[in-house]
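Enquirer: Take a look at run.cif, mmCIF, C-alpha atoms:
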data_input
#
loop_
_atom_site.label_atom_id
_atom_site.label_comp_id
_atom_site.auth_asym_id
_atom_site.auth_seq_id
_atom_site.Cartn_x
_atom_site.Cartn_y
_atom_site.Cartn_z
CA MET A 1 22.02 -165.07 97.17
CA LYS A 2 22.66 -166.81 93.87
CA ASN A 3 26.07 -165.11 93.56
CA LEU A 4 26.93 -166.10 97.12
CA PHE A 5 26.04 -169.71 96.34
CA CYS A 6 28.25 -169.66 93.22
CA LEU A 7 31.18 -168.23 95.18
CA LEU A 8 30.75 -170.84 97.90
CA THR A 9 30.63 -173.61 95.28
CA LEU A 10 33.82 -172.36 93.63
CA PHE A 11 35.57 -172.09 96.99
CA LEU A 12 34.64 -175.63 97.95
CA PHE A 13 35.71 -176.93 94.51
CA PHE A 14 39.15 -175.37 94.57
CA ASN A 15 39.69 -176.12 98.24
CA CYS A 16 38.79 -179.76 97.66
CA LYS A 17 41.00 -179.90 94.58
CA SER A 18 43.90 -178.39 96.52
CA ASN A 19 43.47 -180.91 99.34
CA LEU A 20 43.32 -183.81 96.90
CA GLN A 21 46.50 -182.64 95.19
CA SER A 22 48.24 -182.27 98.53
CA LYS A 23 47.21 -185.76 99.63
CA HIS A 24 48.17 -187.19 96.28
CA ILE A 25 51.63 -185.62 96.31
CA ALA A 26 52.52 -186.02 100.00
CA VAL A 27 54.66 -189.00 100.94
CA THR A 28 52.76 -191.40 103.19
CA SER A 29 54.07 -193.78 105.82
CA ASN A 30 52.14 -196.61 104.14
CA GLU A 31 53.89 -196.26 100.79
CA LEU A 32 57.28 -196.09 102.49
CA ASP A 33 56.38 -199.19 104.51
CA GLU A 34 55.42 -201.05 101.34
CA MET A 35 58.65 -200.13 99.55
CA VAL A 36 60.99 -200.91 102.44
CA SER A 37 59.15 -204.12 103.27
CA TYR A 38 59.66 -205.38 99.72
CA LEU A 39 63.26 -204.22 99.33
CA ALA A 40 64.19 -205.70 102.72
CA SER A 41 62.22 -208.93 102.26
CA ASP A 42 63.76 -212.39 102.28
CA GLU A 43 62.83 -212.65 98.60
CA LEU A 44 65.58 -210.17 97.76
CA SER A 45 68.20 -212.06 99.80
CA GLY A 46 70.05 -209.00 101.09
CA ARG A 47 70.55 -207.30 97.68
CA ASP A 48 74.22 -208.18 97.25
CA ILE A 49 75.75 -207.33 93.88
CA GLY A 50 75.48 -210.04 91.24
CA SER A 51 72.53 -211.66 93.01
CA GLU A 52 69.01 -212.39 91.84
CA GLY A 53 67.82 -210.22 94.70
CA ILE A 54 69.53 -207.05 93.51
CA GLU A 55 68.18 -207.67 90.02
CA LYS A 56 64.67 -207.75 91.50
CA ALA A 57 65.40 -204.53 93.41
CA ALA A 58 66.61 -202.85 90.21
CA LEU A 59 63.50 -203.92 88.30
CA PHE A 60 61.36 -202.59 91.15
CA ILE A 61 63.06 -199.17 91.00
CA GLU A 62 62.98 -199.03 87.20
CA ASN A 63 59.28 -199.83 87.18
CA LYS A 64 58.62 -197.02 89.66
CA PHE A 65 60.61 -194.52 87.59
CA ASN A 66 58.89 -195.60 84.39
CA THR A 67 55.44 -195.34 85.99
CA TYR A 68 56.21 -191.81 87.20
CA GLY A 69 57.56 -190.67 83.84
CA ILE A 70 61.13 -190.31 85.11
CA LYS A 71 63.23 -190.87 81.99
CA PRO A 72 66.51 -192.79 81.85
CA TYR A 73 69.53 -190.49 81.84
CA PHE A 74 71.48 -192.83 79.59
CA ASP A 75 70.07 -195.14 76.88
CA ASN A 76 68.32 -197.05 79.65
CA TYR A 77 68.14 -196.76 83.43
CA ARG A 78 71.26 -198.83 84.05
CA ASN A 79 74.75 -197.42 84.39
CA ASN A 80 76.83 -200.58 84.14
CA PHE A 81 80.21 -201.33 85.68
CA LYS A 82 82.06 -204.34 87.04
CA VAL A 83 83.33 -205.34 90.46
CA ASP A 84 86.07 -207.81 89.52
CA ASP A 85 84.11 -210.22 87.30
CA VAL A 86 80.70 -209.38 88.77
CA LYS A 87 78.32 -207.19 86.78
CA ALA A 88 76.82 -204.29 88.71
CA PHE A 89 74.71 -201.28 87.81
CA ASN A 90 73.51 -197.98 89.20
CA ILE A 91 69.95 -196.91 88.34
CA VAL A 92 69.84 -193.38 86.93
CA GLY A 93 66.65 -191.43 86.22
CA PHE A 94 66.29 -187.87 84.97
CA LEU A 95 63.68 -185.12 85.14
CA GLU A 96 64.59 -182.17 82.95
CA GLY A 97 64.17 -178.69 84.37
CA SER A 98 61.67 -176.23 82.97
CA ASP A 99 63.95 -173.17 82.73
CA LYS A 100 65.92 -172.76 79.52
CA LYS A 101 69.08 -171.73 81.37
CA LEU A 102 68.76 -173.32 84.80
CA LYS A 103 67.94 -176.77 83.40
CA GLU A 104 71.62 -177.12 82.52
CA GLU A 105 72.32 -177.28 86.26
CA VAL A 106 71.59 -180.56 88.04
CA VAL A 107 70.47 -181.40 91.56
CA LEU A 108 71.27 -185.05 92.28
CA ILE A 109 69.13 -187.03 94.73
CA GLY A 110 70.75 -190.34 95.63
CA ALA A 111 70.96 -193.40 97.87
CA HIS A 112 72.50 -196.85 97.59
CA TYR A 113 70.15 -199.78 97.05
CA ASP A 114 72.60 -202.66 97.53
CA HIS A 115 73.38 -204.41 100.81
CA ILE A 116 75.73 -207.12 102.06
CA GLY A 117 73.61 -210.19 101.35
CA PHE A 118 74.60 -212.42 104.26
CA SER A 119 76.18 -211.55 107.58
CA ARG A 120 79.06 -213.47 109.14
CA LYS A 121 77.23 -213.33 112.47
CA LYS A 122 74.25 -215.65 112.71
CA VAL A 123 71.31 -214.94 115.02
CA SER A 124 69.07 -217.93 115.79
CA ASN A 125 70.64 -219.67 112.80
CA ASP A 126 69.71 -216.71 110.54
CA SER A 127 72.50 -215.12 108.49
CA LEU A 128 70.42 -213.17 105.94
CA ALA A 129 71.04 -209.42 106.26
CA ASN A 130 67.98 -207.74 104.74
CA GLY A 131 69.28 -204.18 105.07
CA ALA A 132 66.08 -202.31 105.94
CA ASN A 133 67.63 -199.21 107.50
CA ASP A 134 70.77 -199.71 105.41
CA ASN A 135 69.59 -198.70 102.91
CA ALA A 136 66.11 -199.68 101.80
CA THR A 137 64.98 -196.58 103.71
CA GLY A 138 67.17 -194.22 101.68
CA THR A 139 66.13 -195.97 98.47
CA SER A 140 62.47 -195.48 99.31
CA ALA A 141 63.11 -191.76 99.93
CA VAL A 142 64.61 -191.31 96.46
CA ILE A 143 61.70 -193.15 94.85
CA ALA A 144 59.18 -191.08 96.83
CA LEU A 145 60.89 -187.82 95.84
CA ALA A 146 60.95 -188.91 92.19
CA LYS A 147 57.20 -189.47 92.41
CA HIS A 148 56.62 -186.07 94.00
CA PHE A 149 58.63 -184.08 91.48
CA SER A 150 57.26 -186.00 88.51
CA LYS A 151 53.75 -184.96 89.58
CA LYS A 152 54.53 -181.30 90.24
CA LYS A 153 57.00 -180.67 87.41
CA LEU A 154 57.91 -177.28 88.82
CA ASN A 155 61.69 -177.77 88.94
CA LYS A 156 63.61 -175.16 86.94
CA ARG A 157 66.85 -177.04 87.45
CA SER A 158 67.09 -180.62 86.27
CA LEU A 159 66.84 -183.45 88.76
CA MET A 160 68.82 -186.68 88.61
CA PHE A 161 67.56 -189.56 90.75
CA VAL A 162 70.24 -192.18 91.36
CA LEU A 163 70.25 -195.50 93.21
CA PHE A 164 73.82 -196.67 93.63
CA SER A 165 75.12 -200.23 93.69
CA ALA A 166 78.29 -201.63 95.28
CA GLU A 167 78.31 -199.01 98.02
CA GLU A 168 79.00 -201.86 100.42
CA LYS A 169 82.08 -202.81 98.37
CA GLY A 170 83.69 -199.39 98.85
CA LEU A 171 81.42 -196.82 97.17
CA LEU A 172 82.28 -198.38 93.80
CA GLY A 173 79.01 -197.48 92.06
CA SER A 174 79.14 -193.82 93.01
CA LYS A 175 82.85 -193.63 92.15
CA HIS A 176 82.12 -195.02 88.70
CA LEU A 177 79.18 -192.68 88.00
CA ALA A 178 80.81 -189.56 89.47
CA LYS A 179 83.84 -189.98 87.22
CA LYS A 180 81.68 -190.65 84.16
CA LEU A 181 79.50 -187.57 84.75
CA LYS A 182 82.54 -185.41 85.44
CA ASP A 183 84.13 -186.58 82.19
CA GLU A 184 80.89 -185.57 80.44
CA ASN A 185 81.09 -182.10 82.03
CA LEU A 186 77.83 -182.40 83.95
CA ASN A 187 76.99 -179.09 85.64
CA LEU A 188 76.31 -180.43 89.13
CA TYR A 189 74.89 -177.88 91.56
CA THR A 190 74.58 -180.10 94.62
CA MET A 191 73.98 -183.69 95.71
CA VAL A 192 71.62 -184.74 98.49
CA ASN A 193 72.23 -188.36 99.48
CA PHE A 194 70.02 -190.44 101.81
CA GLU A 195 71.42 -193.07 104.15
CA MET A 196 69.73 -194.85 107.04
CA ILE A 197 66.70 -192.67 107.77
CA GLY A 198 64.50 -195.39 109.27
CA VAL A 199 64.86 -194.61 112.98
CA PRO A 200 64.59 -191.29 114.83
CA PHE A 201 66.89 -189.73 117.37
CA GLN A 202 65.39 -189.60 120.86
CA ASP A 203 67.64 -187.03 122.52
CA ARG A 204 68.19 -184.27 119.97
CA ASP A 205 66.41 -181.10 118.96
CA TYR A 206 66.73 -181.85 115.24
CA THR A 207 65.31 -184.63 113.06
CA ALA A 208 68.34 -185.59 110.96
CA PHE A 209 71.97 -184.61 110.48
CA VAL A 210 73.97 -183.84 107.39
CA SER A 211 77.42 -185.41 107.03
CA GLY A 212 80.29 -182.98 106.62
CA TYR A 213 78.16 -180.42 108.43
CA LYS A 214 80.68 -177.55 108.35
CA MET A 215 81.89 -178.15 104.81
CA SER A 216 78.97 -176.23 103.31
CA ASN A 217 75.93 -174.21 104.27
CA MET A 218 73.55 -177.00 103.22
CA ALA A 219 72.17 -177.61 106.71
CA GLU A 220 71.70 -173.88 107.30
CA LYS A 221 69.93 -173.43 103.96
CA ILE A 222 67.65 -176.44 104.46
CA ASN A 223 66.62 -175.08 107.84
CA THR A 224 66.04 -171.64 106.34
CA TYR A 225 64.06 -173.06 103.44
CA THR A 226 61.90 -175.18 105.76
CA LYS A 227 61.69 -172.57 108.54
CA SER A 228 62.63 -175.24 111.07
CA ASN A 229 65.51 -176.87 112.91
CA LEU A 230 65.20 -179.96 110.72
CA ILE A 231 68.92 -180.63 110.16
CA GLY A 232 71.57 -180.60 112.86
CA PHE A 233 75.17 -181.50 113.65
CA SER A 234 76.20 -185.01 114.75
CA GLU A 235 79.31 -185.37 116.88
CA VAL A 236 79.29 -189.10 116.12
CA SER A 237 79.29 -188.40 112.39
CA LYS A 238 82.30 -186.13 112.80
CA LYS A 239 84.11 -188.63 115.04
CA TYR A 240 83.80 -191.46 112.51
CA ASN A 241 84.08 -189.17 109.46
CA LEU A 242 80.81 -190.42 107.99
CA PHE A 243 81.18 -187.79 105.26
CA ARG A 244 83.64 -190.17 103.59
CA ALA A 245 81.57 -193.28 104.26
CA SER A 246 78.70 -192.81 101.82
CA ASP A 247 78.04 -192.12 98.15
CA ASN A 248 78.20 -188.35 98.51
CA HIS A 249 81.97 -188.49 98.86
CA PRO A 250 82.98 -189.53 95.31
CA PHE A 251 80.83 -186.71 93.92
CA TYR A 252 82.45 -184.18 96.23
CA THR A 253 85.87 -185.51 95.19
CA GLU A 254 85.10 -185.18 91.48
CA PHE A 255 83.02 -181.99 91.39
CA LYS A 256 84.11 -180.02 94.48
CA VAL A 257 80.55 -178.83 95.15
CA PRO A 258 78.33 -179.48 98.21
CA CYS A 259 77.58 -183.22 98.17
CA GLN A 260 76.33 -184.48 101.51
CA THR A 261 74.33 -187.25 103.13
CA ILE A 262 71.20 -186.81 105.20
CA SER A 263 70.66 -189.44 107.88
CA SER A 264 68.78 -189.90 111.13
CA CYS A 265 71.05 -192.70 112.32
CA ASP A 266 74.71 -192.18 113.24
CA ARG A 267 74.96 -195.71 114.69
CA SER A 268 74.44 -194.36 118.20
CA ASN A 269 70.66 -194.89 118.04
CA TYR A 270 70.41 -198.25 116.24
CA ASP A 271 72.09 -201.52 117.19
CA TYR A 272 71.64 -203.44 113.95
CA TYR A 273 74.15 -202.03 111.47
CA HIS A 274 75.06 -204.85 109.04
CA HIS A 275 73.08 -207.16 111.31
CA VAL A 276 70.53 -209.84 110.49
CA ASP A 277 67.99 -207.99 112.66
CA ASP A 278 68.00 -204.88 110.45
CA GLU A 279 64.41 -205.67 109.47
CA ALA A 280 61.56 -203.69 107.95
CA GLU A 281 59.33 -204.02 111.00
CA LYS A 282 61.88 -202.09 113.09
CA MET A 283 61.55 -198.96 110.94
CA ASP A 284 59.56 -195.91 112.03
CA TYR A 285 57.61 -195.00 108.88
CA SER A 286 55.85 -192.01 110.41
CA HIS A 287 59.27 -190.55 111.20
CA MET A 288 60.45 -191.24 107.66
CA ALA A 289 57.38 -189.63 106.07
CA ASN A 290 57.74 -186.62 108.35
CA LEU A 291 61.40 -186.15 107.40
CA ILE A 292 60.86 -186.55 103.65
CA ASN A 293 57.78 -184.31 103.56
CA LYS A 294 59.62 -181.59 105.47
CA LEU A 295 62.57 -181.84 103.10
CA ILE A 296 60.45 -181.52 99.97
CA PRO A 297 60.05 -177.70 100.15
CA ALA A 298 63.82 -177.35 100.66
CA ILE A 299 64.60 -179.45 97.59
CA GLU A 300 61.99 -177.52 95.60
CA ILE A 301 63.73 -174.26 96.49
CA MET A 302 67.14 -175.76 95.62
CA CYS A 303 65.73 -176.50 92.18
CA ASN A 304 64.36 -173.01 91.63
CA THR A 305 66.64 -170.31 93.06
CA GLN A 306 68.12 -167.99 90.45
CA THR A 307 71.62 -168.50 91.86
CA LYS A 308 73.39 -171.41 93.53
CA GLU A 309 72.75 -170.59 97.17
CA ILE A 310 74.23 -173.78 98.63
CA ILE A 311 78.00 -173.33 98.65
CA LEU A 312 81.14 -174.82 100.17
CA THR A 313 82.44 -173.05 103.25
CA ASN A 314 85.93 -174.58 103.23
CA GLU A 315 85.86 -175.39 106.95
#
Is it possible to express this structure as structure tokens?
Expert:
Amino acid sequence: MKNLFCLLTLFLFFNCKSNLQSKHIAVTSNELDEMVSYLASDELSGRDIGSEGIEKAALFIENKFNTYGIKPYFDNYRNNFKVDDVKAFNIVGFLEGSDKKLKEEVVLIGAHYDHIGFSRKKVSNDSLANGANDNATGTSAVIALAKHFSKKKLNKRSLMFVLFSAEEKGLLGSKHLAKKLKDENLNLYTMVNFEMIGVPFQDRDYTAFVSGYKMSNMAEKINTYTKSNLIGFSEVSKKYNLFRASDNHPFYTEFKVPCQTISSCDRSNYDYYHHVDDEAEKMDYSHMANLINKLIPAIEIMCNTQTKEIILTNE
């Protein structure tokens, strides 16, 4: 009886510990809500480059990375560049892999954190474009993933977490960083970029699409890794060539490896692109948490396979 009691006690202890770890690591809708609500608040004035608002956004991201133990990739978190005479900066964090050989390969997780500032179209005398879906949602996903991986520290490959600036000016931040990293001979395995994940599709059998769907087997591998139909093909994305419209494209151009954007909005299911009504309260945070949590196992596997399983298909 005593032995049975001891076994039961140990079972309850480890089961409780496991549940606590799971709850601690899992991305919650509340934390996503808090991040997006701040990044898309009036205080940040639309996060245009050169503004006080984007400086506050950068400090917010840097503080999160520092708290999680995500180290700067360069001397500090900021990768500086200029847009004409305006100073701009990407935020670049790094989590080294645990495997002596595989850590030389990098999986890049990215999103742009800038927005347009003010819209030309006023609504009820409001011209401030807060950019909740575009792209405070993607920014919050990168921060949440940085938190997850910093806690687990099970990635054999190295992880680079990047928040790009000046995306709205023509992908200028990602163009600058992609060229710099290519010149430094970074061994980039793949890039997973997040763009507009704040609203769900209502009429599809998948949760999100990947841009440039047929250019690689990324969607197929994510679905295999997650044992689900999580990622699908968007006809709208193909029609408007959204593969070229986000920060994945400069990395594909420089490195010629799978670099694609995950999104749950192809502009057919959200009316507020670059609109003053792109507000935090319109986001579906349960949907966002569901998508990110389902993607986590796929990204974990990406970081740990012995070979590079995600490849270009040249279609």
Enquirer: Hey, can you check how far CA of Val162 (chain A) sits from CA of Gln306 (chain A)?
Expert: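 These atoms are spaced 24.3 Å apart.
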Enquirer: Compare A:Leu312, A:Ala57, A:Leu186, A:Met215 by their minimum atom-to-atom distance to Ala40 (chain A), counting all atoms listed in the file, and give me the closest one.
Expert: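 Among the listed residues, the smallest separation from Ala40 (chain A) belongs to A:Ala57.
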Enquirer: Identify all residues satisfying the PyMOL selection byres ((chain A and resi 42) around 12) in the given file; provide them as a PyMOL selection string.
Expert: chain A and resi 36-41+43-47+52-54+56-57+117-118+126-132+276+278-280
Enquirer: Which residue is closest to Leu154 (chain A)? Choose from A:Ile197, A:Val257, A:Ala208, A:Met302 and count all atoms listed in the file.
Expert: A:Met302
Enquirer: Figure out the distance between CA of Ala289 (chain A) and CA of Ser29 (chain A), please, to one decimal in Å.
Expert: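 Separation between CA of Ser29 (chain A) and CA of Ala289 (chain A): 5.3 Å.
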Enquirer: Kindly indicate which residue among A:Glu281, A:Glu34, A:Asp205, A:Asp247 lies nearest to Ser228 (chain A), using all atoms listed in the file for the distances.
Expert: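 For Ser228 (chain A), the nearest of the candidates is A:Asp205.
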Enquirer: Considering all atoms listed in the file, return as a count of residues only whatever protein or nucleic-acid residues lie within 12 Å of Gln202 (chain A), sequence-local ones (same chain, fewer than 6 positions apart) excluded.
Expert: 7
